[in-house]
Each structure stands twice: as structure tokens, then as C-alpha cells.
Amino acid sequence: MTQRLKDKVAVVTGATSGIGLATAKRFVSEGAKVFITGRRPDVLDRAIAAIGGDVTGIQADSANLADLDRLFAEVKAKAGRIDVLFANAGGGSMLPLGEITEEQFDDTFNRNVKGVLFTVQKALPLLGKGSSVILTGSTTGSTGTQNFSVYSASKAAVRNFARNWILDLKGRGIRVNTLSPGATETPGLVELAGNDPAQQQGLLDYMATQIPMGRVGHVDEIANAALFLASDESSFVTGAELFADGGAAQI
């Protein structure tokens, strides 16, 4: 690898599977000291083993402010600063208008909006000049998706955080960008189709037909985009939304 993150300290939330896991692996391989979070200890332990190298796992729910305090206290004690913060933890479920529940709304917005807000806010004392904050958005934040309005609205909020925070942080030298994947083969995506492998593959096949490149994304491709935003190669990029979506949101 090119060691584009050599000697940098990175925090990746929600890094036990999918995009977060792939990105944490890439950051370590590029020379970063990486801290990851996950909500379940057993899954977190497996992720640490899969990543290898200079990685520390901390059990934390990004929607729980006490967990975030504990996370950043440990990062401060062990590393003293954060150069790259990837606020990636989140998720959602599908329900059509007319069937949306308060429970679904609260769960989605707590994970995707509250969690992102307080992850970044509580990390601020450790973020210095030249640091990079990456927020996980989604193509659904700017396009329509049937039965997915609550999740889509939460990701639109995340996108707008970046637009506003670069003004709040003006003069501090902290960059904030949104990385918006399109359909990417992750456990979180295929589980939307239930537990039947045939139905899961059917979902992926259908999504591929809606993408100009004719296929869904791979987690390593999203990790590559995250690496660009994390590295000094994007030193004049802030407030932007980088789509890694095979062109889906561009048509």
C-alpha cells in the first residue's frame, strides 16, 4: 500500500461489518492507528481479528452519549488526537407511508442523525488543523426510494450537517465531507430482503438493473473513496458529497 495515512489516528464508528469494516482495514493498511466501535462485543472481537494490525476496538452505541464519552476518553488516553473521524454507524428499515411507526422513526433517527451529530460534536476537542471528518450519507438522501422515506430523510439530514458544519468550523482547518454510497453488497443491505438467500440475491439483481454501471458496489470500492477523503489528497475538499454509486444518483 501507499501509506497515505501514515502516523494518522483514525476513528471509524460502526466498523464491525460492511463499509465500516472494509474502511477500517484499508485505513490500517495505509498506516493509520485505528479505533473502531461496535455495539456487540462478540462481533467487535471478530472485526478486530479480521482487521489486524494497529486497531483498537471499543464497544459503543453512537446514539448513547455516555458511550461516546467513554470512546473519546479512551482515544484521548491512547492517542491524544484524531486525524480522521469516519462517522459511519447507522442503519434503517423499510416501511411504506401508512405503516411507519414511532419506534422505527426513533430508531432510524437516533442511529443516523443523533448518533452522527454527537459523534462529531464530542470528537471536536481531539480534532485539529488538517483533520478530516467523513459522514456516511446515501444516494437515498437525494433520490426517491419506495418504502424507505424515514431512512432517506435521515440521510438527507446528514448531508445537510456537512454543509452547515463547515461554516461552524470555519478557521479551524477541519474538513467535513459526506460519502454517499449507492447500493453496495453489505449485510445491512441484503437483510432488507429477509433471511432467504434467493430473495437477497433477487434484491441485489434488481438493484443492479437500476445502476448505470450495471452492478452493485463492493465495500472495498467505498473504502477507496473514504481513503481519498481521509487523506491529504483531498486537502481542498470540504462540504462536498462524494457519490460512490455507479452513477445511480446522477440519472
# chains A, B, ... in the order shown; residues from 1 in each chain; ligands from 1
$ residues_around --residues "Phe86 in chain A" --least-positions-apart "5" --cutoff "10 Å" --atoms "only C-alpha atoms" --output "compact mmCIF listing (two decimals) with N, CA, C and O atoms, in the first residue's frame"
# COMPACT_ATOMS: atom_id res chain seq x y z
N ALA A 10 -7.16 7.41 13.35
CA ALA A 10 -8.49 7.38 12.75
C ALA A 10 -9.48 6.68 13.68
O ALA A 10 -9.14 5.70 14.34
N VAL A 11 -10.70 7.19 13.70
CA VAL A 11 -11.81 6.56 14.41
C VAL A 11 -12.88 6.22 13.39
O VAL A 11 -13.30 7.09 12.61
N VAL A 12 -13.31 4.97 13.37
CA VAL A 12 -14.36 4.51 12.46
C VAL A 12 -15.47 3.92 13.31
O VAL A 12 -15.29 2.88 13.96
N THR A 13 -16.63 4.56 13.33
CA THR A 13 -17.75 4.01 14.10
C THR A 13 -18.54 3.04 13.22
O THR A 13 -18.57 3.15 12.00
N GLY A 14 -19.16 2.07 13.88
CA GLY A 14 -19.93 1.08 13.14
C GLY A 14 -19.05 0.29 12.19
O GLY A 14 -19.38 0.12 11.01
N ALA A 15 -17.94 -0.23 12.71
CA ALA A 15 -16.93 -0.85 11.84
C ALA A 15 -16.86 -2.36 11.97
O ALA A 15 -15.84 -2.96 11.66
N GLY A 20 -17.93 -0.04 7.01
CA GLY A 20 -17.08 0.35 8.12
C GLY A 20 -15.91 -0.60 8.31
O GLY A 20 -14.77 -0.17 8.52
N THR A 23 -13.42 -0.22 5.45
CA THR A 23 -12.68 1.03 5.55
C THR A 23 -11.64 0.96 6.66
O THR A 23 -10.51 1.44 6.50
N ALA A 24 -12.00 0.38 7.79
CA ALA A 24 -11.03 0.23 8.87
C ALA A 24 -9.83 -0.61 8.41
O ALA A 24 -8.67 -0.27 8.72
N ILE A 36 -12.02 1.42 16.36
CA ILE A 36 -13.32 1.07 15.79
C ILE A 36 -14.34 0.88 16.90
O ILE A 36 -13.98 0.59 18.04
N VAL A 116 -24.71 10.60 14.62
CA VAL A 116 -23.71 11.33 13.84
C VAL A 116 -23.43 12.69 14.47
O VAL A 116 -22.26 13.10 14.62
N THR A 119 -21.47 12.20 17.75
CA THR A 119 -20.15 11.64 17.48
C THR A 119 -19.18 12.74 17.08
O THR A 119 -18.06 12.84 17.60
N VAL A 120 -19.61 13.59 16.16
CA VAL A 120 -18.74 14.67 15.69
C VAL A 120 -18.55 15.72 16.78
O VAL A 120 -17.42 16.18 17.04
N SER A 132 -9.82 15.38 9.10
CA SER A 132 -10.90 15.09 8.15
C SER A 132 -12.04 14.37 8.85
O SER A 132 -11.82 13.34 9.51
N VAL A 133 -13.25 14.90 8.70
CA VAL A 133 -14.46 14.26 9.20
C VAL A 133 -15.25 13.76 7.99
O VAL A 133 -15.52 14.53 7.06
N ILE A 134 -15.61 12.49 8.01
CA ILE A 134 -16.38 11.89 6.92
C ILE A 134 -17.69 11.38 7.49
O ILE A 134 -17.70 10.63 8.47
N LEU A 135 -18.79 11.78 6.89
CA LEU A 135 -20.12 11.35 7.30
C LEU A 135 -20.65 10.37 6.27
O LEU A 135 -20.57 10.64 5.06
N THR A 136 -21.21 9.28 6.71
CA THR A 136 -21.80 8.33 5.76
C THR A 136 -23.21 8.77 5.40
O THR A 136 -24.12 8.77 6.24
N VAL A 176 -15.06 18.67 6.52
CA VAL A 176 -16.21 17.79 6.74
C VAL A 176 -16.82 17.47 5.38
O VAL A 176 -17.23 18.38 4.65
N ASN A 177 -16.88 16.20 5.05
CA ASN A 177 -17.46 15.78 3.78
C ASN A 177 -18.41 14.60 3.99
O ASN A 177 -18.32 13.88 4.99
N THR A 178 -19.30 14.43 3.04
CA THR A 178 -20.26 13.32 3.07
C THR A 178 -19.90 12.32 1.99
O THR A 178 -19.70 12.69 0.83
N LEU A 179 -19.79 11.07 2.37
CA LEU A 179 -19.58 9.97 1.43
C LEU A 179 -20.90 9.24 1.27
O LEU A 179 -21.41 8.68 2.24
N ALA A 226 -13.50 6.55 0.78
CA ALA A 226 -13.26 7.06 2.13
C ALA A 226 -11.79 7.39 2.33
O ALA A 226 -11.45 8.40 2.98
N LEU A 229 -11.02 10.83 0.92
CA LEU A 229 -11.49 11.91 1.78
C LEU A 229 -10.69 12.00 3.07
O LEU A 229 -10.57 13.08 3.66
N ALA A 230 -10.15 10.88 3.52
CA ALA A 230 -9.36 10.87 4.76
C ALA A 230 -7.96 11.41 4.54
O ALA A 230 -7.35 11.96 5.47
$ select_by_dssp --residues "range 41-195 of chain A" --states "strand (DSSP E)" --output "PDB file with all heavy atoms, in the first residue's frame"
ATOM      1  N   VAL A  55      -5.098  -1.754  15.546  1.00  0.00           N
ATOM      2  CA  VAL A  55      -6.523  -1.458  15.703  1.00  0.00           C
ATOM      3  C   VAL A  55      -6.948  -1.705  17.144  1.00  0.00           C
ATOM      4  O   VAL A  55      -6.511  -2.665  17.777  1.00  0.00           O
ATOM      5  CB  VAL A  55      -7.389  -2.290  14.732  1.00  0.00           C
ATOM      6  CG1 VAL A  55      -7.205  -3.787  14.971  1.00  0.00           C
ATOM      7  CG2 VAL A  55      -8.859  -1.901  14.826  1.00  0.00           C
ATOM      8  N   THR A  56      -7.792  -0.816  17.653  1.00  0.00           N
ATOM      9  CA  THR A  56      -8.357  -0.951  18.992  1.00  0.00           C
ATOM     10  C   THR A  56      -9.871  -0.917  18.877  1.00  0.00           C
ATOM     11  O   THR A  56     -10.425  -0.023  18.226  1.00  0.00           O
ATOM     12  CB  THR A  56      -7.903   0.215  19.902  1.00  0.00           C
ATOM     13  OG1 THR A  56      -6.475   0.196  20.003  1.00  0.00           O
ATOM     14  CG2 THR A  56      -8.512   0.089  21.292  1.00  0.00           C
ATOM     15  N   GLY A  57     -10.526  -1.876  19.493  1.00  0.00           N
ATOM     16  CA  GLY A  57     -11.981  -1.926  19.457  1.00  0.00           C
ATOM     17  C   GLY A  57     -12.585  -1.424  20.756  1.00  0.00           C
ATOM     18  O   GLY A  57     -12.092  -1.759  21.838  1.00  0.00           O
ATOM     19  N   ILE A  58     -13.625  -0.624  20.648  1.00  0.00           N
ATOM     20  CA  ILE A  58     -14.308  -0.080  21.811  1.00  0.00           C
ATOM     21  C   ILE A  58     -15.805  -0.311  21.640  1.00  0.00           C
ATOM     22  O   ILE A  58     -16.393   0.145  20.652  1.00  0.00           O
ATOM     23  CB  ILE A  58     -14.026   1.428  21.981  1.00  0.00           C
ATOM     24  CG1 ILE A  58     -12.516   1.665  22.111  1.00  0.00           C
ATOM     25  CG2 ILE A  58     -14.769   1.981  23.190  1.00  0.00           C
ATOM     26  CD1 ILE A  58     -12.110   3.119  22.008  1.00  0.00           C
ATOM     27  N   GLN A  59     -16.418  -1.024  22.577  1.00  0.00           N
ATOM     28  CA  GLN A  59     -17.849  -1.250  22.500  1.00  0.00           C
ATOM     29  C   GLN A  59     -18.568   0.067  22.738  1.00  0.00           C
ATOM     30  O   GLN A  59     -18.370   0.730  23.761  1.00  0.00           O
ATOM     31  CB  GLN A  59     -18.302  -2.283  23.530  1.00  0.00           C
ATOM     32  CG  GLN A  59     -19.785  -2.604  23.440  1.00  0.00           C
ATOM     33  CD  GLN A  59     -20.252  -3.516  24.562  1.00  0.00           C
ATOM     34  OE1 GLN A  59     -19.467  -3.899  25.422  1.00  0.00           O
ATOM     35  NE2 GLN A  59     -21.531  -3.854  24.566  1.00  0.00           N
ATOM     36  N   ILE A  82      -7.331  13.034  17.097  1.00  0.00           N
ATOM     37  CA  ILE A  82      -7.976  12.331  15.987  1.00  0.00           C
ATOM     38  C   ILE A  82      -7.654  13.096  14.711  1.00  0.00           C
ATOM     39  O   ILE A  82      -7.902  14.305  14.613  1.00  0.00           O
ATOM     40  CB  ILE A  82      -9.502  12.238  16.160  1.00  0.00           C
ATOM     41  CG1 ILE A  82      -9.870  11.449  17.418  1.00  0.00           C
ATOM     42  CG2 ILE A  82     -10.155  11.586  14.926  1.00  0.00           C
ATOM     43  CD1 ILE A  82     -11.361  11.487  17.746  1.00  0.00           C
ATOM     44  N   ASP A  83      -7.117  12.393  13.731  1.00  0.00           N
ATOM     45  CA  ASP A  83      -6.846  12.994  12.421  1.00  0.00           C
ATOM     46  C   ASP A  83      -7.960  12.707  11.422  1.00  0.00           C
ATOM     47  O   ASP A  83      -8.199  13.510  10.516  1.00  0.00           O
ATOM     48  CB  ASP A  83      -5.526  12.457  11.861  1.00  0.00           C
ATOM     49  CG  ASP A  83      -4.353  12.753  12.774  1.00  0.00           C
ATOM     50  OD1 ASP A  83      -4.105  13.939  13.052  1.00  0.00           O
ATOM     51  OD2 ASP A  83      -3.697  11.787  13.229  1.00  0.00           O
ATOM     52  N   VAL A  84      -8.598  11.554  11.584  1.00  0.00           N
ATOM     53  CA  VAL A  84      -9.677  11.146  10.681  1.00  0.00           C
ATOM     54  C   VAL A  84     -10.815  10.582  11.516  1.00  0.00           C
ATOM     55  O   VAL A  84     -10.612   9.648  12.299  1.00  0.00           O
ATOM     56  CB  VAL A  84      -9.217  10.066   9.672  1.00  0.00           C
ATOM     57  CG1 VAL A  84     -10.371   9.678   8.758  1.00  0.00           C
ATOM     58  CG2 VAL A  84      -8.019  10.545   8.867  1.00  0.00           C
ATOM     59  N   LEU A  85     -11.997  11.151  11.346  1.00  0.00           N
ATOM     60  CA  LEU A  85     -13.197  10.636  12.018  1.00  0.00           C
ATOM     61  C   LEU A  85     -14.196  10.223  10.951  1.00  0.00           C
ATOM     62  O   LEU A  85     -14.687  11.063  10.184  1.00  0.00           O
ATOM     63  CB  LEU A  85     -13.817  11.713  12.916  1.00  0.00           C
ATOM     64  CG  LEU A  85     -15.149  11.345  13.572  1.00  0.00           C
ATOM     65  CD1 LEU A  85     -14.984  10.169  14.531  1.00  0.00           C
ATOM     66  CD2 LEU A  85     -15.734  12.559  14.307  1.00  0.00           C
ATOM     67  N   PHE A  86     -14.489   8.928  10.887  1.00  0.00           N
ATOM     68  CA  PHE A  86     -15.474   8.407   9.938  1.00  0.00           C
ATOM     69  C   PHE A  86     -16.714   8.032  10.734  1.00  0.00           C
ATOM     70  O   PHE A  86     -16.783   6.976  11.348  1.00  0.00           O
ATOM     71  CB  PHE A  86     -14.894   7.201   9.203  1.00  0.00           C
ATOM     72  CG  PHE A  86     -15.745   6.676   8.076  1.00  0.00           C
ATOM     73  CD1 PHE A  86     -16.771   7.422   7.511  1.00  0.00           C
ATOM     74  CD2 PHE A  86     -15.509   5.412   7.563  1.00  0.00           C
ATOM     75  CE1 PHE A  86     -17.541   6.922   6.470  1.00  0.00           C
ATOM     76  CE2 PHE A  86     -16.267   4.894   6.527  1.00  0.00           C
ATOM     77  CZ  PHE A  86     -17.284   5.652   5.974  1.00  0.00           C
ATOM     78  N   ALA A  87     -17.710   8.939  10.726  1.00  0.00           N
ATOM     79  CA  ALA A  87     -18.967   8.711  11.445  1.00  0.00           C
ATOM     80  C   ALA A  87     -19.864   7.854  10.558  1.00  0.00           C
ATOM     81  O   ALA A  87     -20.702   8.344   9.802  1.00  0.00           O
ATOM     82  CB  ALA A  87     -19.634  10.037  11.782  1.00  0.00           C
ATOM     83  N   LEU A 127      -9.980  16.975  17.474  1.00  0.00           N
ATOM     84  CA  LEU A 127      -9.769  17.246  16.055  1.00  0.00           C
ATOM     85  C   LEU A 127      -8.985  18.541  15.893  1.00  0.00           C
ATOM     86  O   LEU A 127      -9.391  19.590  16.396  1.00  0.00           O
ATOM     87  CB  LEU A 127     -11.106  17.362  15.325  1.00  0.00           C
ATOM     88  CG  LEU A 127     -11.930  16.081  15.216  1.00  0.00           C
ATOM     89  CD1 LEU A 127     -13.369  16.395  14.803  1.00  0.00           C
ATOM     90  CD2 LEU A 127     -11.295  15.115  14.217  1.00  0.00           C
ATOM     91  N   GLY A 128      -7.868  18.471  15.184  1.00  0.00           N
ATOM     92  CA  GLY A 128      -7.034  19.641  14.989  1.00  0.00           C
ATOM     93  C   GLY A 128      -6.979  20.069  13.537  1.00  0.00           C
ATOM     94  O   GLY A 128      -7.668  19.521  12.666  1.00  0.00           O
ATOM     95  N   LYS A 129      -6.156  21.065  13.268  1.00  0.00           N
ATOM     96  CA  LYS A 129      -5.998  21.582  11.919  1.00  0.00           C
ATOM     97  C   LYS A 129      -5.534  20.479  10.974  1.00  0.00           C
ATOM     98  O   LYS A 129      -4.613  19.729  11.284  1.00  0.00           O
ATOM     99  CB  LYS A 129      -4.986  22.729  11.918  1.00  0.00           C
ATOM    100  CG  LYS A 129      -4.866  23.443  10.585  1.00  0.00           C
ATOM    101  CD  LYS A 129      -3.957  24.648  10.688  1.00  0.00           C
ATOM    102  CE  LYS A 129      -3.891  25.387   9.353  1.00  0.00           C
ATOM    103  NZ  LYS A 129      -3.005  26.585   9.440  1.00  0.00           N
ATOM    104  N   GLY A 130      -6.208  20.369   9.840  1.00  0.00           N
ATOM    105  CA  GLY A 130      -5.885  19.357   8.856  1.00  0.00           C
ATOM    106  C   GLY A 130      -6.630  18.049   9.018  1.00  0.00           C
ATOM    107  O   GLY A 130      -6.472  17.143   8.192  1.00  0.00           O
ATOM    108  N   SER A 131      -7.457  17.945  10.047  1.00  0.00           N
ATOM    109  CA  SER A 131      -8.195  16.700  10.256  1.00  0.00           C
ATOM    110  C   SER A 131      -9.376  16.599   9.303  1.00  0.00           C
ATOM    111  O   SER A 131      -9.864  17.600   8.765  1.00  0.00           O
ATOM    112  CB  SER A 131      -8.663  16.573  11.699  1.00  0.00           C
ATOM    113  OG  SER A 131      -9.467  17.670  12.066  1.00  0.00           O
ATOM    114  N   SER A 132      -9.825  15.380   9.100  1.00  0.00           N
ATOM    115  CA  SER A 132     -10.900  15.093   8.153  1.00  0.00           C
ATOM    116  C   SER A 132     -12.045  14.370   8.851  1.00  0.00           C
ATOM    117  O   SER A 132     -11.822  13.344   9.511  1.00  0.00           O
ATOM    118  CB  SER A 132     -10.379  14.218   7.008  1.00  0.00           C
ATOM    119  OG  SER A 132     -11.438  13.769   6.170  1.00  0.00           O
ATOM    120  N   VAL A 133     -13.250  14.900   8.696  1.00  0.00           N
ATOM    121  CA  VAL A 133     -14.463  14.255   9.196  1.00  0.00           C
ATOM    122  C   VAL A 133     -15.251  13.762   7.988  1.00  0.00           C
ATOM    123  O   VAL A 133     -15.523  14.532   7.055  1.00  0.00           O
ATOM    124  CB  VAL A 133     -15.319  15.220  10.028  1.00  0.00           C
ATOM    125  CG1 VAL A 133     -16.639  14.560  10.441  1.00  0.00           C
ATOM    126  CG2 VAL A 133     -14.551  15.702  11.249  1.00  0.00           C
ATOM    127  N   ILE A 134     -15.609  12.494   8.009  1.00  0.00           N
ATOM    128  CA  ILE A 134     -16.379  11.887   6.922  1.00  0.00           C
ATOM    129  C   ILE A 134     -17.688  11.378   7.491  1.00  0.00           C
ATOM    130  O   ILE A 134     -17.702  10.625   8.471  1.00  0.00           O
ATOM    131  CB  ILE A 134     -15.606  10.720   6.273  1.00  0.00           C
ATOM    132  CG1 ILE A 134     -14.209  11.167   5.837  1.00  0.00           C
ATOM    133  CG2 ILE A 134     -16.385  10.152   5.087  1.00  0.00           C
ATOM    134  CD1 ILE A 134     -13.283  10.005   5.519  1.00  0.00           C
ATOM    135  N   LEU A 135     -18.788  11.785   6.887  1.00  0.00           N
ATOM    136  CA  LEU A 135     -20.116  11.354   7.302  1.00  0.00           C
ATOM    137  C   LEU A 135     -20.654  10.374   6.268  1.00  0.00           C
ATOM    138  O   LEU A 135     -20.569  10.637   5.064  1.00  0.00           O
ATOM    139  CB  LEU A 135     -21.067  12.549   7.412  1.00  0.00           C
ATOM    140  CG  LEU A 135     -20.552  13.794   8.142  1.00  0.00           C
ATOM    141  CD1 LEU A 135     -21.623  14.891   8.112  1.00  0.00           C
ATOM    142  CD2 LEU A 135     -20.147  13.466   9.566  1.00  0.00           C
ATOM    143  N   THR A 136     -21.214   9.278   6.706  1.00  0.00           N
ATOM    144  CA  THR A 136     -21.805   8.333   5.756  1.00  0.00           C
ATOM    145  C   THR A 136     -23.213   8.770   5.396  1.00  0.00           C
ATOM    146  O   THR A 136     -24.117   8.766   6.237  1.00  0.00           O
ATOM    147  CB  THR A 136     -21.836   6.908   6.328  1.00  0.00           C
ATOM    148  OG1 THR A 136     -20.504   6.463   6.551  1.00  0.00           O
ATOM    149  CG2 THR A 136     -22.500   5.953   5.341  1.00  0.00           C
ATOM    150  N   ARG A 175     -11.903  19.626   7.901  1.00  0.00           N
ATOM    151  CA  ARG A 175     -12.738  19.379   6.722  1.00  0.00           C
ATOM    152  C   ARG A 175     -13.872  18.424   7.081  1.00  0.00           C
ATOM    153  O   ARG A 175     -13.673  17.478   7.845  1.00  0.00           O
ATOM    154  CB  ARG A 175     -11.907  18.776   5.579  1.00  0.00           C
ATOM    155  CG  ARG A 175     -10.812  19.702   5.103  1.00  0.00           C
ATOM    156  CD  ARG A 175     -10.040  19.140   3.921  1.00  0.00           C
ATOM    157  NE  ARG A 175      -9.297  17.924   4.252  1.00  0.00           N
ATOM    158  CZ  ARG A 175      -9.587  16.717   3.802  1.00  0.00           C
ATOM    159  NH1 ARG A 175     -10.649  16.518   3.026  1.00  0.00           N
ATOM    160  NH2 ARG A 175      -8.840  15.675   4.135  1.00  0.00           N
ATOM    161  N   VAL A 176     -15.057  18.666   6.521  1.00  0.00           N
ATOM    162  CA  VAL A 176     -16.206  17.785   6.741  1.00  0.00           C
ATOM    163  C   VAL A 176     -16.822  17.475   5.379  1.00  0.00           C
ATOM    164  O   VAL A 176     -17.226  18.380   4.648  1.00  0.00           O
ATOM    165  CB  VAL A 176     -17.274  18.435   7.640  1.00  0.00           C
ATOM    166  CG1 VAL A 176     -18.415  17.439   7.906  1.00  0.00           C
ATOM    167  CG2 VAL A 176     -16.673  18.932   8.939  1.00  0.00           C
ATOM    168  N   ASN A 177     -16.882  16.205   5.054  1.00  0.00           N
ATOM    169  CA  ASN A 177     -17.463  15.777   3.782  1.00  0.00           C
ATOM    170  C   ASN A 177     -18.413  14.604   3.993  1.00  0.00           C
ATOM    171  O   ASN A 177     -18.323  13.885   4.987  1.00  0.00           O
ATOM    172  CB  ASN A 177     -16.353  15.357   2.808  1.00  0.00           C
ATOM    173  CG  ASN A 177     -15.520  16.530   2.351  1.00  0.00           C
ATOM    174  OD1 ASN A 177     -15.988  17.379   1.595  1.00  0.00           O
ATOM    175  ND2 ASN A 177     -14.271  16.591   2.818  1.00  0.00           N
ATOM    176  N   THR A 178     -19.304  14.430   3.042  1.00  0.00           N
ATOM    177  CA  THR A 178     -20.255  13.320   3.073  1.00  0.00           C
ATOM    178  C   THR A 178     -19.895  12.319   1.994  1.00  0.00           C
ATOM    179  O   THR A 178     -19.701  12.691   0.833  1.00  0.00           O
ATOM    180  CB  THR A 178     -21.691  13.823   2.830  1.00  0.00           C
ATOM    181  OG1 THR A 178     -21.989  14.861   3.760  1.00  0.00           O
ATOM    182  CG2 THR A 178     -22.703  12.698   2.985  1.00  0.00           C
ATOM    183  N   LEU A 179     -19.787  11.065   2.372  1.00  0.00           N
ATOM    184  CA  LEU A 179     -19.576   9.974   1.428  1.00  0.00           C
ATOM    185  C   LEU A 179     -20.898   9.238   1.272  1.00  0.00           C
ATOM    186  O   LEU A 179     -21.412   8.676   2.240  1.00  0.00           O
ATOM    187  CB  LEU A 179     -18.488   9.032   1.950  1.00  0.00           C
ATOM    188  CG  LEU A 179     -18.261   7.737   1.162  1.00  0.00           C
ATOM    189  CD1 LEU A 179     -17.926   8.033  -0.293  1.00  0.00           C
ATOM    190  CD2 LEU A 179     -17.152   6.906   1.816  1.00  0.00           C
ATOM    191  N   SER A 180     -21.444   9.266   0.057  1.00  0.00           N
ATOM    192  CA  SER A 180     -22.767   8.681  -0.182  1.00  0.00           C
ATOM    193  C   SER A 180     -22.672   7.476  -1.102  1.00  0.00           C
ATOM    194  O   SER A 180     -22.609   7.614  -2.332  1.00  0.00           O
ATOM    195  CB  SER A 180     -23.715   9.728  -0.776  1.00  0.00           C
ATOM    196  OG  SER A 180     -24.033  10.701   0.187  1.00  0.00           O
ATOM    197  N   PRO A 181     -22.660   6.279  -0.522  1.00  0.00           N
ATOM    198  CA  PRO A 181     -22.649   5.065  -1.351  1.00  0.00           C
ATOM    199  C   PRO A 181     -24.013   4.854  -2.008  1.00  0.00           C
ATOM    200  O   PRO A 181     -25.055   5.267  -1.495  1.00  0.00           O
ATOM    201  CB  PRO A 181     -22.360   3.953  -0.348  1.00  0.00           C
ATOM    202  CG  PRO A 181     -21.925   4.637   0.910  1.00  0.00           C
ATOM    203  CD  PRO A 181     -22.588   5.964   0.900  1.00  0.00           C
TER     204      PRO A 181
END
$ select_by_dssp --residues "range 67-243 of chain A" --states "helix (DSSP H, G or I)" --output "VMD selection string"
chain A and resid 67 to 78 102 to 126 139 to 141 149 to 168 187 to 193 197 to 209 219 to 230 232 to 234
$ residues_around --residues "Ile211 in chain A" --least-positions-apart "4" --cutoff "12 Å" --atoms "only C-alpha atoms" --output "PyMOL selection string"
chain A and resi 139+182-184+204-207+215-217+244-251
$ residues_around --residues "Glu74 in chain A" --least-positions-apart "4" --cutoff "10 Å" --atoms "only C-alpha atoms" --output "VMD selection string"
chain A and resid 35 56 58 68 to 70 78 to 80
$ closest_residue --among "A:Ser154, A:Leu242, A:Leu192, A:Leu95" --to "Phe228 in chain A" --atoms "only C-alpha atoms"
A:Leu242
$ closest_residue --among "A:Gly31, A:Gly188, A:Gly53, A:Gly91" --to "Ser152 in chain A" --atoms "only C-alpha atoms"
A:Gly91
$ residues_around --residues "Ile51 in chain A" --least-positions-apart "5" --cutoff "8 Å" --atoms "only C-alpha atoms" --output "VMD selection string"
chain A and resid 21 24 to 25 28
$ residues_around --residues "Gln104 in chain A" --least-positions-apart "3" --cutoff "9 Å" --atoms "only C-alpha atoms" --output "PyMOL selection string"
chain A and resi 92-95+100-101+107-109+150
$ write_last_selection --atoms "C-alpha atoms" --output "mmCIF file, in the first residue's frame"
data_model
loop_
_atom_site.group_PDB
_atom_site.id
_atom_site.type_symbol
_atom_site.label_atom_id
_atom_site.label_comp_id
_atom_site.auth_asym_id
_atom_site.auth_seq_id
_atom_site.Cartn_x
_atom_site.Cartn_y
_atom_site.Cartn_z
ATOM 1 C CA GLY A 92 -32.553 1.612 8.878
ATOM 2 C CA SER A 93 -35.506 -0.447 7.762
ATOM 3 C CA MET A 94 -38.211 -0.294 5.122
ATOM 4 C CA LEU A 95 -41.828 0.652 5.773
ATOM 5 C CA ILE A 100 -44.403 3.880 9.650
ATOM 6 C CA THR A 101 -44.192 3.520 13.416
ATOM 7 C CA ASP A 107 -34.558 4.043 15.902
ATOM 8 C CA THR A 108 -33.556 5.372 12.477
ATOM 9 C CA PHE A 109 -33.073 8.993 13.511
ATOM 10 C CA VAL A 150 -37.596 7.595 7.005
#
$ residues_around --residues "Arg81 in chain A" --least-positions-apart "3" --cutoff "7 Å" --atoms "only C-alpha atoms" --output "list in words"
Val9, Lys76, Leu126 and Leu127 of chain A
